[in-house]
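Source file protein.pdb; content: PDB, C-alpha atoms, pLDDT in the B column.
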```pdb
ATOM      1  CA  MET A   1      65.582  20.986 -18.114  1.00 66.00           C
ATOM      2  CA  ARG A   2      67.510  19.045 -20.748  1.00 64.00           C
ATOM      3  CA  PHE A   3      70.191  21.194 -22.389  1.00 60.00           C
ATOM      4  CA  PRO A   4      71.216  20.898 -26.069  1.00 59.00           C
ATOM      5  CA  PRO A   5      74.641  19.542 -27.096  1.00 66.00           C
ATOM      6  CA  LEU A   6      77.572  21.881 -26.502  1.00 65.00           C
ATOM      7  CA  LYS A   7      77.912  22.688 -30.202  1.00 63.00           C
ATOM      8  CA  LYS A   8      74.289  23.919 -30.176  1.00 69.00           C
ATOM      9  CA  LEU A   9      74.501  26.058 -27.022  1.00 74.00           C
ATOM     10  CA  HIS A  10      74.582  29.240 -29.109  1.00 82.00           C
ATOM     11  CA  ARG A  11      70.910  28.566 -29.867  1.00 82.00           C
ATOM     12  CA  LEU A  12      69.943  28.409 -26.195  1.00 86.00           C
ATOM     13  CA  PRO A  13      69.105  32.155 -25.832  1.00 90.00           C
ATOM     14  CA  ARG A  14      66.513  31.830 -28.619  1.00 90.00           C
ATOM     15  CA  PHE A  15      65.012  28.826 -26.851  1.00 89.00           C
ATOM     16  CA  LEU A  16      64.763  30.695 -23.527  1.00 91.00           C
ATOM     17  CA  LEU A  17      63.175  33.696 -25.240  1.00 93.00           C
ATOM     18  CA  ASP A  18      60.628  31.414 -26.944  1.00 94.00           C
ATOM     19  CA  PHE A  19      59.918  29.753 -23.589  1.00 93.00           C
ATOM     20  CA  ALA A  20      59.233  33.108 -21.903  1.00 94.00           C
ATOM     21  CA  THR A  21      57.010  34.213 -24.807  1.00 96.00           C
ATOM     22  CA  PHE A  22      55.055  30.959 -24.748  1.00 95.00           C
ATOM     23  CA  LYS A  23      54.613  31.059 -20.965  1.00 94.00           C
ATOM     24  CA  ARG A  24      53.340  34.615 -21.072  1.00 95.00           C
ATOM     25  CA  ALA A  25      50.890  33.801 -23.877  1.00 97.00           C
ATOM     26  CA  ALA A  26      49.730  30.673 -22.051  1.00 96.00           C
ATOM     27  CA  ALA A  27      48.965  32.688 -18.922  1.00 95.00           C
ATOM     28  CA  GLU A  28      46.968  35.212 -20.938  1.00 96.00           C
ATOM     29  CA  SER A  29      44.974  32.556 -22.806  1.00 97.00           C
ATOM     30  CA  GLY A  30      44.358  30.189 -19.903  1.00 96.00           C
ATOM     31  CA  ALA A  31      46.328  27.362 -21.537  1.00 96.00           C
ATOM     32  CA  ARG A  32      48.416  24.973 -19.460  1.00 94.00           C
ATOM     33  CA  LEU A  33      51.531  26.706 -18.147  1.00 92.00           C
ATOM     34  CA  PRO A  34      54.876  25.006 -18.945  1.00 89.00           C
ATOM     35  CA  LYS A  35      57.433  24.427 -16.213  1.00 89.00           C
ATOM     36  CA  LEU A  36      61.123  25.032 -16.814  1.00 85.00           C
ATOM     37  CA  ARG A  37      62.025  21.680 -15.248  1.00 88.00           C
ATOM     38  CA  ASP A  38      59.927  19.908 -17.873  1.00 90.00           C
ATOM     39  CA  THR A  39      61.543  21.573 -20.855  1.00 88.00           C
ATOM     40  CA  ARG A  40      63.657  19.805 -23.430  1.00 86.00           C
ATOM     41  CA  ALA A  41      65.668  22.196 -25.548  1.00 84.00           C
ATOM     42  CA  MET A  42      65.024  21.038 -29.115  1.00 86.00           C
ATOM     43  CA  VAL A  43      67.083  23.674 -30.895  1.00 85.00           C
ATOM     44  CA  GLU A  44      68.010  21.864 -34.122  1.00 84.00           C
ATOM     45  CA  ASP A  45      64.654  21.668 -35.901  1.00 87.00           C
ATOM     46  CA  ALA A  46      63.926  25.302 -36.800  1.00 85.00           C
ATOM     47  CA  THR A  47      65.140  24.885 -40.374  1.00 88.00           C
ATOM     48  CA  PRO A  48      63.740  26.183 -43.690  1.00 92.00           C
ATOM     49  CA  GLY A  49      63.059  22.624 -44.874  1.00 94.00           C
ATOM     50  CA  THR A  50      62.677  19.158 -43.368  1.00 94.00           C
ATOM     51  CA  GLY A  51      65.809  17.085 -43.786  1.00 92.00           C
ATOM     52  CA  PHE A  52      65.694  13.333 -44.276  1.00 93.00           C
ATOM     53  CA  ASP A  53      67.948  10.388 -45.050  1.00 94.00           C
ATOM     54  CA  ALA A  54      67.348  10.208 -48.788  1.00 95.00           C
ATOM     55  CA  GLN A  55      68.698   6.702 -49.234  1.00 96.00           C
ATOM     56  CA  TYR A  56      66.374   5.154 -46.652  1.00 96.00           C
ATOM     57  CA  VAL A  57      63.283   7.198 -47.465  1.00 97.00           C
ATOM     58  CA  TYR A  58      63.613   6.673 -51.218  1.00 98.00           C
ATOM     59  CA  HIS A  59      64.597   3.005 -51.280  1.00 98.00           C
ATOM     60  CA  CYS A  60      61.709   2.109 -48.970  1.00 98.00           C
ATOM     61  CA  GLY A  61      59.323   4.079 -51.182  1.00 98.00           C
ATOM     62  CA  TRP A  62      60.726   2.376 -54.281  1.00 98.00           C
ATOM     63  CA  ALA A  63      60.298  -1.096 -52.779  1.00 98.00           C
ATOM     64  CA  ALA A  64      56.763  -0.430 -51.496  1.00 98.00           C
ATOM     65  CA  ARG A  65      55.749   0.627 -54.994  1.00 98.00           C
ATOM     66  CA  GLU A  66      57.164  -2.595 -56.417  1.00 98.00           C
ATOM     67  CA  LEU A  67      55.141  -4.645 -53.928  1.00 98.00           C
ATOM     68  CA  ALA A  68      51.982  -2.647 -54.599  1.00 98.00           C
ATOM     69  CA  ARG A  69      52.413  -3.242 -58.327  1.00 97.00           C
ATOM     70  CA  ARG A  70      52.979  -6.985 -57.954  1.00 97.00           C
ATOM     71  CA  LEU A  71      50.721  -7.820 -54.974  1.00 98.00           C
ATOM     72  CA  PRO A  72      52.421 -11.105 -53.989  1.00 98.00           C
ATOM     73  CA  ALA A  73      50.450 -13.547 -51.843  1.00 98.00           C
ATOM     74  CA  LYS A  74      53.348 -13.402 -49.349  1.00 98.00           C
ATOM     75  CA  HIS A  75      56.625 -11.530 -49.259  1.00 98.00           C
ATOM     76  CA  VAL A  76      59.805 -12.539 -47.419  1.00 98.00           C
ATOM     77  CA  ASP A  77      62.173  -9.820 -46.278  1.00 98.00           C
ATOM     78  CA  PHE A  78      65.694 -10.245 -44.988  1.00 98.00           C
ATOM     79  CA  SER A  79      66.830  -7.552 -42.560  1.00 98.00           C
ATOM     80  CA  SER A  80      65.534  -4.489 -44.413  1.00 98.00           C
ATOM     81  CA  ALA A  81      64.396  -1.338 -42.609  1.00 98.00           C
ATOM     82  CA  LEU A  82      61.550  -1.996 -40.177  1.00 98.00           C
ATOM     83  CA  TRP A  83      59.557   1.020 -41.352  1.00 95.00           C
ATOM     84  CA  PHE A  84      59.482  -0.603 -44.812  1.00 98.00           C
ATOM     85  CA  VAL A  85      58.260  -3.869 -43.299  1.00 98.00           C
ATOM     86  CA  SER A  86      55.633  -2.177 -41.131  1.00 98.00           C
ATOM     87  CA  ILE A  87      54.212  -0.010 -43.906  1.00 97.00           C
ATOM     88  CA  ALA A  88      54.465  -2.569 -46.713  1.00 98.00           C
ATOM     89  CA  SER A  89      52.617  -5.136 -44.585  1.00 98.00           C
ATOM     90  CA  ALA A  90      49.503  -3.111 -45.439  1.00 98.00           C
ATOM     91  CA  ILE A  91      50.053  -4.296 -49.028  1.00 98.00           C
ATOM     92  CA  CYS A  92      50.686  -8.002 -48.400  1.00 98.00           C
ATOM     93  CA  PRO A  93      51.720 -10.365 -45.580  1.00 98.00           C
ATOM     94  CA  ILE A  94      55.456 -10.190 -44.840  1.00 98.00           C
ATOM     95  CA  ASP A  95      57.780 -12.574 -43.043  1.00 98.00           C
ATOM     96  CA  HIS A  96      60.781 -10.615 -41.800  1.00 98.00           C
ATOM     97  CA  TYR A  97      64.038 -12.352 -40.833  1.00 98.00           C
ATOM     98  CA  ASP A  98      67.028 -10.741 -39.153  1.00 98.00           C
ATOM     99  CA  TYR A  99      70.320 -11.778 -37.570  1.00 96.00           C
ATOM    100  CA  ARG A 100      69.042  -9.839 -34.541  1.00 96.00           C
ATOM    101  CA  PRO A 101      65.275 -10.394 -34.778  1.00 97.00           C
ATOM    102  CA  PRO A 102      63.226  -7.388 -33.619  1.00 97.00           C
ATOM    103  CA  ALA A 103      60.291  -7.571 -31.205  1.00 97.00           C
ATOM    104  CA  LEU A 104      58.018  -6.201 -33.931  1.00 97.00           C
ATOM    105  CA  GLU A 105      54.332  -6.843 -33.342  1.00 97.00           C
ATOM    106  CA  ILE A 106      52.052  -5.589 -36.094  1.00 97.00           C
ATOM    107  CA  PRO A 107      49.353  -7.358 -38.125  1.00 98.00           C
ATOM    108  CA  ASN A 108      50.482  -9.129 -41.306  1.00 98.00           C
ATOM    109  CA  VAL A 109      54.115  -9.413 -40.141  1.00 98.00           C
ATOM    110  CA  GLY A 110      55.909 -12.526 -38.920  1.00 98.00           C
ATOM    111  CA  VAL A 111      59.392 -12.255 -37.421  1.00 98.00           C
ATOM    112  CA  GLY A 112      62.180 -14.814 -37.304  1.00 98.00           C
ATOM    113  CA  ALA A 113      65.941 -15.190 -36.957  1.00 97.00           C
ATOM    114  CA  CYS A 114      68.329 -16.173 -39.720  1.00 96.00           C
ATOM    115  CA  ASP A 115      71.907 -15.915 -40.935  1.00 96.00           C
ATOM    116  CA  LEU A 116      72.043 -14.562 -44.484  1.00 97.00           C
ATOM    117  CA  GLU A 117      75.119 -16.647 -45.185  1.00 97.00           C
ATOM    118  CA  LYS A 118      73.034 -19.793 -44.665  1.00 97.00           C
ATOM    119  CA  LEU A 119      69.314 -19.220 -45.190  1.00 98.00           C
ATOM    120  CA  PRO A 120      66.891 -21.787 -43.738  1.00 96.00           C
ATOM    121  CA  PHE A 121      64.986 -22.290 -47.011  1.00 98.00           C
ATOM    122  CA  ASP A 122      65.051 -24.884 -49.779  1.00 98.00           C
ATOM    123  CA  ASP A 123      66.416 -24.091 -53.196  1.00 98.00           C
ATOM    124  CA  GLN A 124      64.106 -21.885 -55.282  1.00 98.00           C
ATOM    125  CA  ALA A 125      61.456 -21.825 -52.537  1.00 98.00           C
ATOM    126  CA  LEU A 126      60.545 -18.111 -52.365  1.00 98.00           C
ATOM    127  CA  SER A 127      58.719 -16.139 -55.027  1.00 98.00           C
ATOM    128  CA  SER A 128      58.912 -12.600 -53.557  1.00 98.00           C
ATOM    129  CA  VAL A 129      62.006 -11.517 -51.623  1.00 98.00           C
ATOM    130  CA  SER A 130      63.685  -8.310 -50.483  1.00 98.00           C
ATOM    131  CA  CYS A 131      67.048  -7.540 -48.914  1.00 98.00           C
ATOM    132  CA  MET A 132      67.825  -3.837 -48.876  1.00 98.00           C
ATOM    133  CA  HIS A 133      70.744  -1.911 -47.402  1.00 98.00           C
ATOM    134  CA  VAL A 134      71.853  -5.109 -45.666  1.00 98.00           C
ATOM    135  CA  VAL A 135      74.393  -7.151 -47.628  1.00 98.00           C
ATOM    136  CA  GLU A 136      77.024  -4.400 -47.490  1.00 98.00           C
ATOM    137  CA  HIS A 137      77.350  -4.983 -43.718  1.00 98.00           C
ATOM    138  CA  ILE A 138      77.673  -8.761 -43.617  1.00 98.00           C
ATOM    139  CA  GLY A 139      80.996 -10.061 -42.340  1.00 97.00           C
ATOM    140  CA  LEU A 140      82.245  -6.734 -40.979  1.00 98.00           C
ATOM    141  CA  GLY A 141      81.271  -7.539 -37.389  1.00 96.00           C
ATOM    142  CA  ARG A 142      79.309  -4.337 -36.920  1.00 96.00           C
ATOM    143  CA  TYR A 143      76.165  -6.113 -35.735  1.00 95.00           C
ATOM    144  CA  GLY A 144      77.834  -8.873 -33.752  1.00 94.00           C
ATOM    145  CA  ASP A 145      78.166 -11.150 -36.765  1.00 94.00           C
ATOM    146  CA  LYS A 146      81.383 -13.053 -37.392  1.00 95.00           C
ATOM    147  CA  ILE A 147      84.208 -11.472 -39.348  1.00 97.00           C
ATOM    148  CA  ASP A 148      84.079 -12.774 -42.907  1.00 98.00           C
ATOM    149  CA  PRO A 149      85.542 -10.733 -45.787  1.00 98.00           C
ATOM    150  CA  THR A 150      83.406 -12.705 -48.264  1.00 98.00           C
ATOM    151  CA  GLY A 151      80.217 -12.647 -46.179  1.00 98.00           C
ATOM    152  CA  ASP A 152      78.478 -10.339 -48.627  1.00 98.00           C
ATOM    153  CA  GLN A 153      79.205 -12.656 -51.556  1.00 98.00           C
ATOM    154  CA  LYS A 154      77.883 -15.656 -49.623  1.00 98.00           C
ATOM    155  CA  ALA A 155      74.718 -13.755 -48.765  1.00 98.00           C
ATOM    156  CA  MET A 156      74.088 -12.813 -52.385  1.00 98.00           C
ATOM    157  CA  ARG A 157      74.544 -16.443 -53.452  1.00 98.00           C
ATOM    158  CA  GLU A 158      72.003 -17.481 -50.822  1.00 98.00           C
ATOM    159  CA  LEU A 159      69.469 -14.886 -51.953  1.00 98.00           C
ATOM    160  CA  SER A 160      69.817 -16.169 -55.503  1.00 98.00           C
ATOM    161  CA  ARG A 161      69.574 -19.801 -54.381  1.00 98.00           C
ATOM    162  CA  VAL A 162      66.225 -19.418 -52.594  1.00 98.00           C
ATOM    163  CA  LEU A 163      64.519 -17.396 -55.349  1.00 98.00           C
ATOM    164  CA  ALA A 164      61.888 -19.404 -57.233  1.00 98.00           C
ATOM    165  CA  PRO A 165      61.488 -19.528 -61.038  1.00 98.00           C
ATOM    166  CA  GLY A 166      59.598 -16.384 -62.011  1.00 98.00           C
ATOM    167  CA  GLY A 167      60.363 -14.966 -58.553  1.00 98.00           C
ATOM    168  CA  VAL A 168      61.466 -11.411 -57.863  1.00 98.00           C
ATOM    169  CA  LEU A 169      64.200 -10.091 -55.574  1.00 99.00           C
ATOM    170  CA  LEU A 170      64.191  -6.428 -54.480  1.00 99.00           C
ATOM    171  CA  PHE A 171      67.806  -5.649 -53.688  1.00 99.00           C
ATOM    172  CA  ALA A 172      69.542  -2.439 -52.614  1.00 98.00           C
ATOM    173  CA  VAL A 173      73.119  -1.605 -51.608  1.00 98.00           C
ATOM    174  CA  PRO A 174      75.399   1.438 -51.600  1.00 98.00           C
ATOM    175  CA  VAL A 175      76.988   2.071 -54.992  1.00 98.00           C
ATOM    176  CA  GLY A 176      79.683   4.338 -56.332  1.00 98.00           C
ATOM    177  CA  ARG A 177      83.466   4.069 -56.128  1.00 97.00           C
ATOM    178  CA  PRO A 178      83.997   0.465 -54.930  1.00 98.00           C
ATOM    179  CA  ARG A 179      85.558   0.223 -51.473  1.00 98.00           C
ATOM    180  CA  THR A 180      85.196  -1.305 -48.013  1.00 98.00           C
ATOM    181  CA  VAL A 181      84.651   1.148 -45.174  1.00 97.00           C
ATOM    182  CA  PHE A 182      85.432  -1.042 -42.160  1.00 98.00           C
ATOM    183  CA  ASN A 183      83.382  -1.738 -40.125  1.00 97.00           C
ATOM    184  CA  ALA A 184      80.504   0.348 -41.457  1.00 97.00           C
ATOM    185  CA  HIS A 185      79.711  -0.915 -44.946  1.00 98.00           C
ATOM    186  CA  ARG A 186      80.897  -1.731 -48.450  1.00 98.00           C
ATOM    187  CA  ILE A 187      80.230   0.263 -51.607  1.00 98.00           C
ATOM    188  CA  TYR A 188      79.861  -1.518 -54.946  1.00 98.00           C
ATOM    189  CA  ALA A 189      80.121  -0.904 -58.670  1.00 98.00           C
ATOM    190  CA  TYR A 190      77.005  -1.653 -60.708  1.00 98.00           C
ATOM    191  CA  GLU A 191      78.802  -4.463 -62.526  1.00 98.00           C
ATOM    192  CA  GLU A 192      79.867  -6.142 -59.266  1.00 98.00           C
ATOM    193  CA  ILE A 193      76.280  -6.591 -58.159  1.00 98.00           C
ATOM    194  CA  VAL A 194      75.015  -7.872 -61.504  1.00 98.00           C
ATOM    195  CA  ALA A 195      77.912 -10.352 -61.634  1.00 98.00           C
ATOM    196  CA  ALA A 196      77.024 -11.600 -58.140  1.00 98.00           C
ATOM    197  CA  PHE A 197      73.639 -12.822 -59.433  1.00 98.00           C
ATOM    198  CA  PRO A 198      74.575 -14.750 -62.595  1.00 98.00           C
ATOM    199  CA  ASP A 199      71.405 -16.869 -62.548  1.00 98.00           C
ATOM    200  CA  LEU A 200      69.077 -13.851 -62.368  1.00 98.00           C
ATOM    201  CA  VAL A 201      68.201 -11.129 -64.847  1.00 98.00           C
ATOM    202  CA  VAL A 202      67.865  -7.406 -64.155  1.00 98.00           C
ATOM    203  CA  GLU A 203      64.244  -6.447 -64.658  1.00 98.00           C
ATOM    204  CA  SER A 204      64.819  -2.818 -63.657  1.00 98.00           C
ATOM    205  CA  PHE A 205      67.335  -0.574 -61.913  1.00 98.00           C
ATOM    206  CA  ALA A 206      66.727   2.592 -59.903  1.00 98.00           C
ATOM    207  CA  LEU A 207      69.370   4.901 -58.489  1.00 98.00           C
ATOM    208  CA  ILE A 208      69.292   7.200 -55.482  1.00 98.00           C
ATOM    209  CA  THR A 209      72.011   9.695 -56.293  1.00 98.00           C
ATOM    210  CA  ASP A 210      74.405  10.885 -53.613  1.00 97.00           C
ATOM    211  CA  SER A 211      74.255  14.324 -52.004  1.00 91.00           C
ATOM    212  CA  LYS A 212      76.742  15.756 -54.512  1.00 90.00           C
ATOM    213  CA  HIS A 213      74.234  14.933 -57.240  1.00 89.00           C
ATOM    214  CA  GLY A 214      71.151  16.117 -55.352  1.00 92.00           C
ATOM    215  CA  SER A 215      69.945  12.882 -53.696  1.00 95.00           C
ATOM    216  CA  LYS A 216      67.249  12.119 -56.243  1.00 97.00           C
ATOM    217  CA  LEU A 217      65.404   8.857 -56.893  1.00 98.00           C
ATOM    218  CA  LEU A 218      65.812   7.991 -60.556  1.00 98.00           C
ATOM    219  CA  PHE A 219      63.560   5.198 -61.818  1.00 97.00           C
ATOM    220  CA  ASP A 220      64.883   3.213 -64.800  1.00 97.00           C
ATOM    221  CA  ALA A 221      68.273   4.800 -64.215  1.00 98.00           C
ATOM    222  CA  ASP A 222      71.235   4.609 -66.561  1.00 98.00           C
ATOM    223  CA  PRO A 223      73.729   2.202 -64.896  1.00 98.00           C
ATOM    224  CA  GLY A 224      76.511   4.396 -66.244  1.00 97.00           C
ATOM    225  CA  LEU A 225      75.572   7.044 -63.675  1.00 97.00           C
ATOM    226  CA  VAL A 226      76.816   4.807 -60.856  1.00 98.00           C
ATOM    227  CA  ALA A 227      80.455   5.463 -61.729  1.00 97.00           C
ATOM    228  CA  GLU A 228      79.865   9.184 -61.122  1.00 96.00           C
ATOM    229  CA  GLN A 229      78.713   8.621 -57.530  1.00 97.00           C
ATOM    230  CA  LYS A 230      80.732   8.445 -54.325  1.00 96.00           C
ATOM    231  CA  TYR A 231      78.067   7.054 -51.964  1.00 97.00           C
ATOM    232  CA  ALA A 232      74.732   6.465 -53.682  1.00 98.00           C
ATOM    233  CA  CYS A 233      72.187   3.636 -53.483  1.00 98.00           C
ATOM    234  CA  GLY A 234      71.413   1.171 -56.246  1.00 98.00           C
ATOM    235  CA  CYS A 235      67.998  -0.532 -56.285  1.00 98.00           C
ATOM    236  CA  TRP A 236      67.610  -3.624 -58.435  1.00 98.00           C
ATOM    237  CA  VAL A 237      64.620  -5.753 -59.347  1.00 98.00           C
ATOM    238  CA  PHE A 238      66.149  -9.147 -60.094  1.00 98.00           C
ATOM    239  CA  LYS A 239      64.085 -11.980 -61.554  1.00 98.00           C
ATOM    240  CA  ARG A 240      64.768 -15.682 -62.006  1.00 98.00           C
ATOM    241  CA  PRO A 241      63.643 -16.803 -65.454  1.00 98.00           C
ATOM    242  CA  ALA A 242      60.566 -19.069 -65.295  1.00 95.00           C
TER
END
```

So, in terms of structure tokens, how does the structure I just supplied come out?
Amino acid sequence: MRFPPLKKLHRLPRFLLDFATFKRAAAESGARLPKLRDTRAMVEDATPGTGFDAQYVYHCGWAARELARRLPAKHVDFSSALWFVSIASAICPIDHYDYRPPALEIPNVGVGACDLEKLPFDDQALSSVSCMHVVEHIGLGRYGDKIDPTGDQKAMRELSRVLAPGGVLLFAVPVGRPRTVFNAHRIYAYEEIVAAFPDLVVESFALITDSKHGSKLLFDADPGLVAEQKYACGCWVFKRPA
């Protein structure tokens, strides 16, 4: 039997009661009888609603909708969430690059290694690009990368450099009160991100509000709302003029 964490032990009596009830009902119905040694006390999931990480669920949904609307012949992703890559590959072929490349094997997905501070692509070579919930980590050493206080700025310059005329970049980072939370992430002001891409234009902006504001996905959001957030997520569609 696998016991729950100490802080959840108060829920163990309910688990044992449910186990006894289930075992008795199984015996009466002829279903397979459970054994106590095979149990795993999952005592945290009996909640009124299903919780989820709003930033990751919503930004992946936002980005998938952008791809479905545009239907690029090929999309190149840099280090975004793998569930986005796996699901969005049903929309179009995706090449996914990461500092720590995953052993992801699924149709329509290619995997490679890269350093976002020095991308292995020619200038203005890519027409459809994403990099979401990634840049805020670069240079903090969290993922084994080198310490570089300006690593995020270098990465944003590289993303801009490789984007083709008429090309689109799907970009997401934490937004709110600007600060560096070493070695977890950085949080940016809206204006900081726009200024980091001087050669691109903002086609649209979506905001995933923080928990204080209800964790909602706001399409075509007012950038002024960012200043009210502590830890939200900004989602930009940047475009290089043709």

query: the PyMOL selection byres ((chain A and resi 54) around 8) on the file shown: which residues, as a PyMOL selection string?
result: chain A and resi 52-53+55-58+208+215-216

Write a file of the selected residues as a PDB file, keeping the file's coordinate frame, keeping C-alpha atoms.
```
ATOM      1  CA  PHE A  52      65.694  13.333 -44.276  1.00 93.00           C
ATOM      2  CA  ASP A  53      67.948  10.388 -45.050  1.00 94.00           C
ATOM      3  CA  GLN A  55      68.698   6.702 -49.234  1.00 96.00           C
ATOM      4  CA  TYR A  56      66.374   5.154 -46.652  1.00 96.00           C
ATOM      5  CA  VAL A  57      63.283   7.198 -47.465  1.00 97.00           C
ATOM      6  CA  TYR A  58      63.613   6.673 -51.218  1.00 98.00           C
ATOM      7  CA  ILE A 208      69.292   7.200 -55.482  1.00 98.00           C
ATOM      8  CA  SER A 215      69.945  12.882 -53.696  1.00 95.00           C
ATOM      9  CA  LYS A 216      67.249  12.119 -56.243  1.00 97.00           C
TER      10      LYS A 216
END
```

- prompt: When you draw a straight line from CA of Trp236 (chain A) to CA of Ile147 (chain A), how long is it in Å?
  reply: 26.5 Å

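Using the PyMOL selection byres ((chain A and resi 19) around 12) on this structure selects Met1, Leu12, Pro13, Arg14, Phe15, Leu16, Leu17, Asp18, Ala20, Thr21, Phe22, Lys23, Arg24, Ala25, Ala26, Leu33, Pro34, Lys35, Leu36, Arg37, Asp38, Thr39, Arg40, Ala41, Met42 and Val43 of chain A.
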
Hits of the PyMOL selection byres ((chain A and resi 213) around 12) in this structure, as a tab-separated table (two decimals) with C-alpha atoms, keeping the file's coordinate frame:
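Written file, selection-v4.tsv:
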```
chain	number	residue	atom	x	y	z
A	54	ALA	CA	67.35	10.21	-48.79
A	176	GLY	CA	79.68	4.34	-56.33
A	207	LEU	CA	69.37	4.90	-58.49
A	208	ILE	CA	69.29	7.20	-55.48
A	209	THR	CA	72.01	9.70	-56.29
A	210	ASP	CA	74.40	10.88	-53.61
A	211	SER	CA	74.26	14.32	-52.00
A	212	LYS	CA	76.74	15.76	-54.51
A	214	GLY	CA	71.15	16.12	-55.35
A	215	SER	CA	69.94	12.88	-53.70
A	216	LYS	CA	67.25	12.12	-56.24
A	217	LEU	CA	65.40	8.86	-56.89
A	218	LEU	CA	65.81	7.99	-60.56
A	225	LEU	CA	75.57	7.04	-63.68
A	226	VAL	CA	76.82	4.81	-60.86
A	228	GLU	CA	79.86	9.18	-61.12
A	229	GLN	CA	78.71	8.62	-57.53
A	230	LYS	CA	80.73	8.44	-54.32
A	231	TYR	CA	78.07	7.05	-51.96
A	232	ALA	CA	74.73	6.46	-53.68
```

message: Could you check the closest approach to Phe205 (chain A) for each of A:Arg11, A:Arg69, A:His96, A:His59 and tell me which residue wins, using only C-alpha atoms?
response: A:His59

- prompt: Which residue gives the smallest distance to Pro241 (chain A) among A:Thr180, A:Val134, A:Ala172, A:Pro165, with all atoms listed in the file counted?
  reply: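 Among the listed residues, the smallest separation from Pro241 (chain A) belongs to A:Pro165.
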
message: If I take CA of Glu66 (chain A) and CA of Ala184 (chain A), how far is one from the other in Å, to one decimal?
response: 27.9 Å

task: In Å, rounded to a single decimal, give me how far CA of Asp148 (chain A) is from CA of Gly112 (chain A).
output: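 These two atoms are separated by 22.7 Å.
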
task: Would you list the residues near (86.0, -10.7, -43.0), meaning any protein, DNA or RNA residue with an atom at most 9 Å from that point in file coordinates, counting all atoms listed in the file, as a list in words?
output: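 Those within range, by chain then number, are Ile138, Gly139, Leu140, Gly141, Lys146, Ile147, Asp148, Pro149, Thr150 and Gly151 of chain A.
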
query: Smallest atom-to-atom distance to Asp77 (chain A): which of A:Leu126, A:Leu9, A:Ala196, A:Ala189, using all atoms listed in the file?
result: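 The answer is A:Leu126, which sits nearest to Asp77 (chain A).
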
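Minimum distance to Ser80 (chain A) across A:Glu192, A:Asp122, A:Glu136, A:Glu203 (counting only C-alpha atoms) occurs at A:Glu136.
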
query: Using all atoms listed in the file, which residues sit within 8 Å of Tyr188 (chain A) once same-chain residues fewer than 4 positions away are excluded, as a list of chain:residue names?
result: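 So, after excluding close chain neighbours, the residues are A:Val173, A:Pro174, A:Val175, A:Gly176, A:Arg177, A:Pro178, A:Arg179, A:Glu192, A:Ile193.
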
All residues 12 Å or closer to Ala195 (chain A), only C-alpha atoms, same chain fewer than 4 positions away omitted, as number ranges by chain: A: 153, 156-157, 160, 188-191, 199-202, 238

field: Nearest residue to Asp98 (chain A) from the set A:Ala46, A:Cys60, A:Leu67, A:Cys131 (distances using only C-alpha atoms)
entry: A:Cys131

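With distances restricted to all atoms listed in the file, A:Gly61 is the closest residue to Ile87 (chain A) from A:Pro120, A:Gly61, A:Gly110, A:Gly30.
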
message: Given the point (69.5, -11.6, -41.5) in the file's coordinates, find the residues that have an atom at most 8 Å from it, counting only C-alpha atoms, and give them as a ChimeraX atom specification.
response: /A:78-79,97-100,113-116
